[in-house]
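Chemist: See my_file-v6.json below, with JSON, C-alpha atoms.
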```
[["chain", "number", "residue", "atom", "x", "y", "z"],
["A", 1, "MET", "CA", 41.94, 0.01, 76.25],
["A", 2, "ASN", "CA", 40.06, 1.59, 79.17],
["A", 3, "LYS", "CA", 43.33, 2.64, 80.78],
["A", 4, "TYR", "CA", 43.78, 5.19, 77.97],
["A", 5, "ASN", "CA", 40.47, 6.95, 78.66],
["A", 6, "ASN", "CA", 42.06, 9.58, 80.90],
["A", 7, "ILE", "CA", 44.91, 10.43, 78.55],
["A", 8, "ILE", "CA", 45.04, 14.08, 77.51],
["A", 9, "VAL", "CA", 46.06, 13.91, 73.87],
["A", 10, "GLU", "CA", 48.38, 16.68, 72.77],
["A", 11, "LYS", "CA", 50.04, 14.88, 69.90],
["A", 12, "VAL", "CA", 48.80, 14.91, 66.34],
["A", 13, "ALA", "CA", 49.44, 11.30, 65.26],
["A", 14, "ILE", "CA", 50.54, 7.81, 66.27],
["A", 15, "GLY", "CA", 53.89, 6.76, 64.85],
["A", 16, "GLU", "CA", 56.15, 6.11, 63.26],
["A", 17, "CYS", "CA", 55.05, 2.56, 63.75],
["A", 18, "GLY", "CA", 55.23, -0.62, 61.74],
["A", 19, "LEU", "CA", 57.46, -3.63, 61.16],
["A", 20, "ASP", "CA", 61.21, -3.72, 60.58],
["A", 21, "SER", "CA", 62.91, -6.87, 59.29],
["A", 22, "THR", "CA", 66.32, -5.50, 60.30],
["A", 23, "SER", "CA", 65.34, -5.05, 63.94],
["A", 24, "SER", "CA", 66.81, -7.24, 66.66],
["A", 25, "PHE", "CA", 63.28, -7.70, 68.03],
["A", 26, "SER", "CA", 61.16, -10.54, 66.67],
["A", 27, "PHE", "CA", 58.32, -9.95, 64.22],
["A", 28, "GLU", "CA", 55.94, -11.44, 66.79],
["A", 29, "LEU", "CA", 56.83, -8.79, 69.36],
["A", 30, "GLN", "CA", 56.78, -6.00, 66.78],
["A", 31, "LEU", "CA", 53.39, -7.19, 65.53],
["A", 32, "THR", "CA", 51.96, -7.19, 69.06],
["A", 33, "LEU", "CA", 53.09, -3.60, 69.62],
["A", 34, "PHE", "CA", 51.90, -2.56, 66.17],
["A", 35, "LYS", "CA", 48.40, -3.88, 66.88],
["A", 36, "MET", "CA", 48.31, -1.95, 70.15],
["A", 37, "GLN", "CA", 49.33, 1.25, 68.38],
["A", 38, "LEU", "CA", 46.66, 0.79, 65.72],
["A", 39, "ARG", "CA", 43.96, 0.16, 68.32],
["A", 40, "LEU", "CA", 45.07, 3.30, 70.14],
["A", 41, "ALA", "CA", 44.95, 5.31, 66.91],
["A", 42, "ALA", "CA", 41.44, 4.02, 66.20],
["A", 43, "GLN", "CA", 40.19, 4.82, 69.71],
["A", 44, "LEU", "CA", 41.67, 8.32, 69.76],
["A", 45, "ASN", "CA", 40.92, 8.94, 66.07],
["A", 46, "LEU", "CA", 44.49, 10.01, 65.41],
["A", 47, "PRO", "CA", 46.32, 9.73, 62.08],
["A", 48, "VAL", "CA", 48.91, 6.97, 61.76],
["A", 49, "VAL", "CA", 52.43, 7.38, 60.39],
["A", 50, "LEU", "CA", 53.82, 4.09, 59.09],
["A", 51, "HIS", "CA", 57.25, 2.81, 58.25],
["A", 52, "GLY", "CA", 57.88, -0.69, 56.95],
["A", 53, "ARG", "CA", 61.34, -2.08, 56.32],
["A", 54, "GLY", "CA", 61.80, -5.39, 54.53],
["A", 55, "ILE", "CA", 59.64, -6.63, 51.66],
["A", 56, "GLU", "CA", 57.87, -9.16, 53.89],
["A", 57, "SER", "CA", 56.66, -6.47, 56.29],
["A", 58, "PHE", "CA", 54.37, -4.64, 53.86],
["A", 59, "ASN", "CA", 51.61, -7.21, 53.45],
["A", 60, "LEU", "CA", 51.57, -7.96, 57.18],
["A", 61, "MET", "CA", 51.18, -4.27, 57.96],
["A", 62, "PHE", "CA", 48.45, -3.79, 55.36],
["A", 63, "ASN", "CA", 46.45, -6.71, 56.76],
["A", 64, "GLU", "CA", 46.64, -5.26, 60.28],
["A", 65, "LEU", "CA", 45.61, -1.83, 59.02],
["A", 66, "LYS", "CA", 42.47, -3.29, 57.46],
["A", 67, "LEU", "CA", 41.66, -5.17, 60.66],
["A", 68, "HIS", "CA", 41.98, -2.23, 63.04],
["A", 69, "LEU", "CA", 41.24, 0.93, 61.04],
["A", 70, "ASN", "CA", 38.30, 1.97, 58.91],
["A", 71, "PRO", "CA", 38.80, 2.90, 55.22],
["A", 72, "THR", "CA", 38.52, 6.64, 55.95],
["A", 73, "HIS", "CA", 41.26, 6.71, 58.60],
["A", 74, "ARG", "CA", 44.09, 9.16, 57.91],
["A", 75, "ILE", "CA", 47.35, 7.33, 57.22],
["A", 76, "HIS", "CA", 50.77, 8.41, 56.01],
["A", 77, "TRP", "CA", 53.05, 5.58, 54.84],
["A", 78, "HIS", "CA", 56.52, 7.02, 55.20],
["A", 79, "CYS", "CA", 59.56, 6.38, 52.98],
["A", 80, "ILE", "CA", 58.15, 4.62, 49.91],
["A", 81, "ASN", "CA", 60.91, 3.81, 47.42],
["A", 82, "PRO", "CA", 61.98, 1.21, 44.81],
["A", 83, "LYS", "CA", 62.55, -1.37, 47.57],
["A", 84, "SER", "CA", 58.95, -1.14, 48.80],
["A", 85, "ASP", "CA", 56.27, -3.70, 47.93],
["A", 86, "LEU", "CA", 54.51, -1.52, 45.37],
["A", 87, "ASN", "CA", 51.62, -3.93, 44.87],
["A", 88, "VAL", "CA", 50.75, -3.62, 48.54],
["A", 89, "ILE", "CA", 51.16, 0.16, 48.45],
["A", 90, "THR", "CA", 48.78, 0.37, 45.47],
["A", 91, "ALA", "CA", 46.20, -1.70, 47.34],
["A", 92, "PHE", "CA", 46.75, 0.47, 50.43],
["A", 93, "LEU", "CA", 46.09, 3.70, 48.51],
["A", 94, "ASN", "CA", 42.95, 2.26, 46.95],
["A", 95, "TYR", "CA", 41.56, 0.88, 50.21],
["A", 96, "PHE", "CA", 42.24, 3.84, 52.51],
["A", 97, "LYS", "CA", 40.74, 6.95, 50.92],
["A", 98, "ASN", "CA", 42.61, 9.39, 53.19],
["A", 99, "SER", "CA", 45.99, 7.77, 52.73],
["A", 100, "TYR", "CA", 49.28, 9.30, 51.61],
["A", 101, "ILE", "CA", 52.76, 8.08, 50.80],
["A", 102, "GLY", "CA", 55.99, 9.83, 51.72],
["A", 103, "LEU", "CA", 58.77, 10.19, 49.16],
["A", 104, "ASN", "CA", 62.27, 11.27, 50.08],
["A", 105, "CYS", "CA", 65.75, 10.97, 48.62],
["A", 106, "SER", "CA", 65.68, 7.19, 49.01],
["A", 107, "ILE", "CA", 63.83, 7.11, 45.66],
["A", 108, "PHE", "CA", 67.21, 7.69, 43.99],
["A", 109, "SER", "CA", 68.64, 4.21, 43.64],
["A", 110, "HIS", "CA", 71.55, 4.03, 41.24],
["A", 111, "ASP", "CA", 72.66, 0.55, 42.27],
["A", 112, "ASP", "CA", 69.51, -1.17, 40.95],
["A", 113, "PHE", "CA", 68.42, 0.22, 37.58],
["A", 114, "GLU", "CA", 65.66, -2.36, 37.10],
["A", 115, "SER", "CA", 63.97, -1.51, 40.41],
["A", 116, "GLN", "CA", 64.35, 2.20, 39.67],
["A", 117, "THR", "CA", 62.66, 1.78, 36.29],
["A", 118, "LEU", "CA", 59.81, -0.25, 37.76],
["A", 119, "PHE", "CA", 59.34, 2.37, 40.45],
["A", 120, "HIS", "CA", 59.11, 5.14, 37.85],
["A", 121, "LYS", "CA", 56.50, 3.17, 35.90],
["A", 122, "TRP", "CA", 54.53, 2.53, 39.07],
["A", 123, "LEU", "CA", 54.66, 6.18, 40.02],
["A", 124, "VAL", "CA", 52.75, 7.18, 36.89],
["A", 125, "SER", "CA", 50.34, 4.24, 36.93],
["A", 126, "VAL", "CA", 48.51, 4.98, 40.19],
["A", 127, "GLU", "CA", 45.38, 7.09, 39.83],
["A", 128, "ASN", "CA", 45.87, 10.71, 40.95],
["A", 129, "ILE", "CA", 49.14, 9.82, 42.68],
["A", 130, "ILE", "CA", 50.23, 13.48, 42.68],
["A", 131, "TYR", "CA", 47.51, 14.23, 45.24],
["A", 132, "LYS", "CA", 48.72, 11.37, 47.45],
["A", 133, "ILE", "CA", 52.38, 12.34, 47.83],
["A", 134, "ILE", "CA", 54.03, 13.96, 50.86],
["A", 135, "LEU", "CA", 57.56, 15.18, 50.22],
["A", 136, "GLU", "CA", 59.96, 14.21, 53.00],
["A", 137, "THR", "CA", 63.58, 14.94, 53.78],
["A", 138, "ASP", "CA", 64.08, 12.40, 56.58],
["A", 139, "PHE", "CA", 67.03, 14.61, 57.43],
["A", 140, "PRO", "CA", 69.72, 13.56, 58.25],
["A", 141, "PHE", "CA", 69.09, 9.80, 58.12],
["A", 142, "LEU", "CA", 68.68, 9.05, 54.42],
["A", 143, "LYS", "CA", 71.43, 10.86, 52.60],
["A", 144, "PRO", "CA", 71.53, 9.48, 49.03],
["A", 145, "SER", "CA", 74.91, 8.64, 47.57],
["A", 146, "ILE", "CA", 74.45, 11.13, 44.74],
["A", 147, "LEU", "CA", 74.49, 14.06, 47.19],
["A", 148, "GLU", "CA", 77.37, 15.31, 49.26],
["A", 149, "SER", "CA", 76.85, 15.78, 52.99],
["A", 150, "LYS", "CA", 76.72, 19.55, 52.66],
["A", 151, "GLN", "CA", 74.05, 19.21, 49.96],
["A", 152, "TYR", "CA", 71.74, 17.04, 52.03],
["A", 153, "ASN", "CA", 69.51, 19.21, 54.15],
["A", 154, "PRO", "CA", 65.76, 19.81, 54.44],
["A", 155, "ILE", "CA", 65.85, 21.84, 51.22],
["A", 156, "SER", "CA", 66.71, 18.64, 49.34],
["A", 157, "ALA", "CA", 62.97, 17.88, 49.33],
["A", 158, "SER", "CA", 62.89, 20.13, 46.27],
["A", 159, "LYS", "CA", 65.10, 17.60, 44.48],
["A", 160, "VAL", "CA", 62.54, 14.89, 45.20],
["A", 161, "HIS", "CA", 59.81, 17.17, 43.86],
["A", 162, "ARG", "CA", 61.72, 17.82, 40.64],
["A", 163, "GLU", "CA", 62.36, 14.10, 40.14],
["A", 164, "VAL", "CA", 58.70, 13.15, 40.62],
["A", 165, "MET", "CA", 57.48, 15.88, 38.28],
["A", 166, "LYS", "CA", 60.11, 14.95, 35.67],
["A", 167, "ILE", "CA", 58.93, 11.33, 35.72],
["A", 168, "HIS", "CA", 55.33, 12.40, 35.13],
["A", 169, "LYS", "CA", 56.23, 15.00, 32.52],
["A", 170, "ASN", "CA", 58.34, 12.56, 30.50],
["A", 171, "LYS", "CA", 55.55, 10.00, 30.55],
["A", 172, "LEU", "CA", 52.86, 12.46, 29.53],
["A", 173, "GLU", "CA", 54.97, 13.98, 26.77],
["A", 174, "LYS", "CA", 55.71, 10.52, 25.40],
["A", 175, "LEU", "CA", 52.01, 9.68, 25.30],
["A", 176, "ASN", "CA", 51.10, 13.09, 23.94],
["A", 177, "GLY", "CA", 53.62, 12.80, 21.13],
["A", 178, "GLY", "CA", 55.26, 16.07, 22.12],
["A", 179, "PRO", "CA", 55.09, 18.84, 24.72],
["A", 180, "ILE", "CA", 52.04, 18.78, 26.97],
["A", 181, "GLY", "CA", 49.47, 21.30, 25.86],
["A", 182, "GLN", "CA", 49.87, 20.96, 22.10],
["A", 183, "ASN", "CA", 46.57, 20.63, 20.29],
["A", 184, "TYR", "CA", 45.21, 19.57, 16.96],
["A", 185, "GLU", "CA", 44.63, 23.08, 15.58],
["A", 186, "GLU", "CA", 48.21, 24.14, 16.29],
["A", 187, "MET", "CA", 49.84, 20.92, 15.14],
["A", 188, "LYS", "CA", 47.94, 20.12, 11.94],
["A", 189, "SER", "CA", 49.80, 22.79, 9.94],
["A", 190, "LYS", "CA", 53.10, 21.26, 11.07],
["A", 191, "LEU", "CA", 52.15, 17.62, 10.60],
["A", 192, "ILE", "CA", 50.07, 17.71, 7.42],
["A", 193, "HIS", "CA", 51.19, 19.29, 4.15],
["A", 194, "ASN", "CA", 48.43, 19.00, 1.58],
["A", 195, "ILE", "CA", 49.81, 19.87, -1.86],
["A", 196, "SER", "CA", 46.95, 18.26, -3.77],
["A", 197, "SER", "CA", 43.69, 19.80, -4.94],
["A", 198, "TYR", "CA", 41.79, 17.47, -2.64],
["A", 199, "THR", "CA", 40.30, 19.18, 0.42],
["A", 200, "LEU", "CA", 40.67, 17.12, 3.56],
["A", 201, "THR", "CA", 37.75, 16.94, 5.95],
["A", 202, "GLN", "CA", 38.33, 17.84, 9.58],
["A", 203, "THR", "CA", 38.04, 14.17, 10.55],
["A", 204, "GLU", "CA", 40.59, 13.18, 7.90],
["A", 205, "GLU", "CA", 42.97, 15.86, 9.16],
["A", 206, "ARG", "CA", 42.54, 14.67, 12.74],
["A", 207, "LEU", "CA", 43.20, 11.10, 11.64],
["A", 208, "LEU", "CA", 46.39, 12.06, 9.79],
["A", 209, "CYS", "CA", 47.53, 14.13, 12.79],
["A", 210, "ARG", "CA", 47.92, 10.89, 14.70],
["A", 211, "GLY", "CA", 51.20, 10.44, 12.88],
["A", 212, "TRP", "CA", 52.82, 8.07, 10.44],
["A", 213, "ASP", "CA", 53.57, 5.47, 13.11],
["A", 214, "PHE", "CA", 50.00, 5.29, 14.39],
["A", 215, "CYS", "CA", 48.74, 1.73, 14.41],
["A", 216, "ILE", "CA", 45.13, 0.58, 14.61],
["A", 217, "GLU", "CA", 44.92, -1.90, 17.47],
["A", 218, "ASP", "CA", 42.10, -4.34, 18.05],
["A", 219, "ASN", "CA", 42.95, -4.70, 21.74],
["A", 220, "ILE", "CA", 44.93, -2.92, 24.43],
["A", 221, "LYS", "CA", 48.58, -3.97, 24.38],
["A", 222, "ASN", "CA", 50.03, -1.67, 27.02],
["A", 223, "PHE", "CA", 47.61, -1.13, 29.88],
["A", 224, "LEU", "CA", 49.85, 1.42, 31.62],
["A", 225, "ASP", "CA", 50.08, 3.65, 28.54],
["A", 226, "PHE", "CA", 46.36, 3.30, 27.90],
["A", 227, "GLU", "CA", 45.36, 4.39, 31.41],
["A", 228, "THR", "CA", 47.89, 7.21, 31.51],
["A", 229, "GLY", "CA", 46.58, 8.42, 28.16],
["A", 230, "LEU", "CA", 43.09, 8.68, 29.62],
["A", 231, "GLU", "CA", 44.44, 10.62, 32.59],
["A", 232, "LEU", "CA", 46.23, 12.99, 30.20],
["A", 233, "ASN", "CA", 42.97, 13.79, 28.44],
["A", 234, "ALA", "CA", 41.19, 14.22, 31.77],
["A", 235, "MET", "CA", 43.75, 16.87, 32.74],
["A", 236, "LYS", "CA", 42.43, 19.11, 29.96],
["A", 237, "ILE", "CA", 39.22, 19.77, 31.90],
["A", 238, "GLN", "CA", 40.85, 20.30, 35.29],
["A", 239, "SER", "CA", 40.91, 24.09, 35.02],
["A", 240, "HIS", "CA", 37.26, 24.22, 33.97],
["A", 241, "CYS", "CA", 35.59, 22.56, 36.95],
["A", 242, "HIS", "CA", 35.64, 22.44, 40.74],
["A", 243, "GLU", "CA", 38.32, 20.25, 42.31],
["A", 244, "SER", "CA", 35.80, 17.85, 43.86],
["A", 245, "VAL", "CA", 34.02, 17.48, 40.51],
["A", 246, "TYR", "CA", 37.33, 16.89, 38.75],
["A", 247, "HIS", "CA", 38.29, 14.14, 41.21],
["A", 248, "LEU", "CA", 34.87, 12.53, 40.74],
["A", 249, "ILE", "CA", 35.31, 12.57, 36.96],
["A", 250, "CYS", "CA", 38.81, 11.09, 37.27],
["A", 251, "ARG", "CA", 37.49, 8.30, 39.46],
["A", 252, "LYS", "CA", 34.71, 7.49, 36.98],
["A", 253, "ILE", "CA", 37.22, 7.52, 34.11],
["A", 254, "HIS", "CA", 39.49, 5.23, 36.12],
["A", 255, "ASN", "CA", 36.64, 2.80, 36.84],
["A", 256, "ALA", "CA", 35.54, 2.83, 33.21],
["A", 257, "SER", "CA", 39.10, 2.24, 32.00],
["A", 258, "GLN", "CA", 39.50, -0.71, 34.35],
["A", 259, "GLN", "CA", 36.32, -2.24, 32.97],
["A", 260, "LEU", "CA", 37.41, -1.57, 29.39],
["A", 261, "MET", "CA", 40.84, -3.10, 29.96],
["A", 262, "SER", "CA", 39.21, -6.16, 31.47],
["A", 263, "THR", "CA", 36.87, -6.43, 28.49],
["A", 264, "SER", "CA", 39.68, -6.02, 25.97],
["A", 265, "LYS", "CA", 41.30, -9.22, 27.16],
["A", 266, "HIS", "CA", 38.37, -11.16, 25.75],
["A", 267, "LYS", "CA", 36.91, -8.87, 23.08],
["A", 268, "LYS", "CA", 38.38, -6.88, 20.21],
["A", 269, "ILE", "CA", 38.04, -3.11, 20.44],
["A", 270, "ARG", "CA", 38.94, -0.15, 18.20],
["A", 271, "ASN", "CA", 41.04, 2.89, 19.00],
["A", 272, "LEU", "CA", 39.32, 4.91, 16.25],
["A", 273, "SER", "CA", 35.98, 6.65, 16.41],
["A", 274, "ASP", "CA", 33.31, 5.71, 13.89],
["A", 275, "GLU", "CA", 33.96, 8.97, 12.01],
["A", 276, "GLU", "CA", 37.71, 8.31, 11.88],
["A", 277, "LEU", "CA", 37.16, 4.76, 10.66],
["A", 278, "VAL", "CA", 34.97, 6.08, 7.83],
["A", 279, "ALA", "CA", 37.61, 8.72, 7.05],
["A", 280, "LEU", "CA", 40.33, 6.07, 6.96],
["A", 281, "LYS", "CA", 38.36, 3.94, 4.52],
["A", 282, "SER", "CA", 37.66, 7.02, 2.40],
["A", 283, "LEU", "CA", 41.35, 7.96, 2.21],
["A", 284, "LYS", "CA", 42.38, 4.40, 1.39],
["A", 285, "SER", "CA", 39.84, 4.13, -1.42],
["A", 286, "ASN", "CA", 40.70, 7.54, -2.93],
["A", 287, "LYS", "CA", 42.98, 6.66, -5.86],
["A", 288, "SER", "CA", 43.52, 10.31, -6.84],
["A", 289, "ILE", "CA", 45.72, 11.14, -3.84],
["A", 290, "VAL", "CA", 48.96, 9.77, -2.43],
["A", 291, "ILE", "CA", 49.74, 9.89, 1.29],
["A", 292, "CYS", "CA", 53.42, 9.66, 2.14],
["A", 293, "LYS", "CA", 56.02, 10.83, 4.62],
["A", 294, "ALA", "CA", 57.33, 14.34, 4.16],
["A", 295, "ASP", "CA", 60.90, 14.28, 2.84],
["A", 296, "LYS", "CA", 61.98, 17.27, 4.92]]
```
Is it possible to give me this structure as C-alpha cells?
Modeler:
Amino acid sequence: MNKYNNIIVEKVAIGECGLDSTSSFSFELQLTLFKMQLRLAAQLNLPVVLHGRGIESFNLMFNELKLHLNPTHRIHWHCINPKSDLNVITAFLNYFKNSYIGLNCSIFSHDDFESQTLFHKWLVSVENIIYKIILETDFPFLKPSILESKQYNPISASKVHREVMKIHKNKLEKLNGGPIGQNYEEMKSKLIHNISSYTLTQTEERLLCRGWDFCIEDNIKNFLDFETGLELNAMKIQSHCHESVYHLICRKIHNASQQLMSTSKHKKIRNLSDEELVALKSLKSNKSIVICKADK
C-alpha cells in the first residue's frame, strides 16, 4: 500500500464497491478488488459506500468488512430492500457503530408480497433503525413499476420517507392500541364505565384500561412485538433528555430486553406488575361487582 502514500485525497469516500452476482466478472476477481478498496479505505480513513447484489454476496462482503475495517469505521450500505440478506444487514448494523443503510424506491416490491411483509417487519425490529437510514433516489436507475417515468425524479425520496414512517407508525399504533400519544388519564373515561357504587383504585383502573382482549402471558410469544413495545415506551422520555443520554437508555433497554427474551424461553414471566396482579385477584374475588363488555 506504500504506493498510495503520495496520493492527494480530494474525494470523500471509497465506493460504491462490493460484490455483484450478475456481473460478468468472477467473484474471485471482484473479491480481490473489494479487498484492495477496503484496505485503501482503512489506510486513508475514508468512509465506504457498499452495494451488494445477489443474496450470496452479503455474507462475503460482511466478512471482508470485519477483516479490514474497525468497528467504528463509517460505512453506508446502499440500496437495502426486500431482496437483501436482512440477517447479515442486522449483524452489520450491530457490529459497525457508525454504519448506515440506504433505502430507495426499490423497497416497493409488488411482485413478492411475502418478501415485502418480511421486510416491513424487519424494518421495525432493528434497534433505533430510524437513525440509521439514508434516503436515496438512485435516480434514474431504479424506477419502481408503481411510478411513471415523469414521476421518478430525486424528489421521489419523499415517497420512500413516507413509506418508512407509515410502516413504523402502523406498528406503533397497533402495539399502543390506538393513536400514538394516547395515555391512561385520557383513555380511562372512554374505556371504563363504572356504574356501580364500588370505587375502583387507580391500579384497578389501569388494569382494566388494558382492554377486554388483554391476556396474561407467562412467557413472551412474539419477540418482535415485545421489543417494539419497549421501544414505544422509551420514546416517551425522548423529549425530556439529551440525545446522547436517550440513545444510551435505548441501548440499555435493548440489552435488557434481549436478556429477558432469552430468559423467557426457559422461565415463566409475568406481564403484570405486582400491584396489578393484586388488583386482578381483588376484582376476581369481589362478588358484588360484574365486569363485562360495554354494549354500545
Chemist: Between CA of Leu248 (chain A) and CA of Phe119 (chain A), what is the distance, to one decimal in Å?
Modeler: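 Taking CA of Leu248 (chain A) and CA of Phe119 (chain A), their separation equals 26.5 Å.
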Chemist: One decimal, in Å: what's the spacing between CA of Asn87 (chain A) and CA of Ile107 (chain A)?
Modeler: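 Spanning CA of Asn87 (chain A) to CA of Ile107 (chain A) is a straight-line distance of 16.5 Å.
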Chemist: Residues within 8 Å of His78 (chain A), please, as a PyMOL selection string. Count all atoms listed in the file; anything in the same chain fewer than 3 positions from it doesn't count.
Modeler: chain A and resi 49-51+101-103
Chemist: Between A:Leu46, A:Ile195, A:Val12, A:Cys250, which is the closest to Leu232 (chain A) once you count all atoms listed in the file?
Modeler: A:Cys250
Chemist: CA of Arg53 (chain A) and CA of Asn94 (chain A) are how many Å apart?
Modeler: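 If I compute the distance from CA of Arg53 (chain A) to CA of Asn94 (chain A), I get 21.1 Å.
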Chemist: Report as a list in words all protein, DNA and RNA residues lying within 9 Å of region 273-282 of chain A, evaluated on all atoms listed in the file, omitting residues in the same chain fewer than 2 positions from it.
Modeler: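 Listing them by chain and then by number gives Thr201, Thr203, Glu204, Arg206, Leu207, Leu208, Arg270, Asn271, Lys284, Ser285 and Asn286 of chain A.
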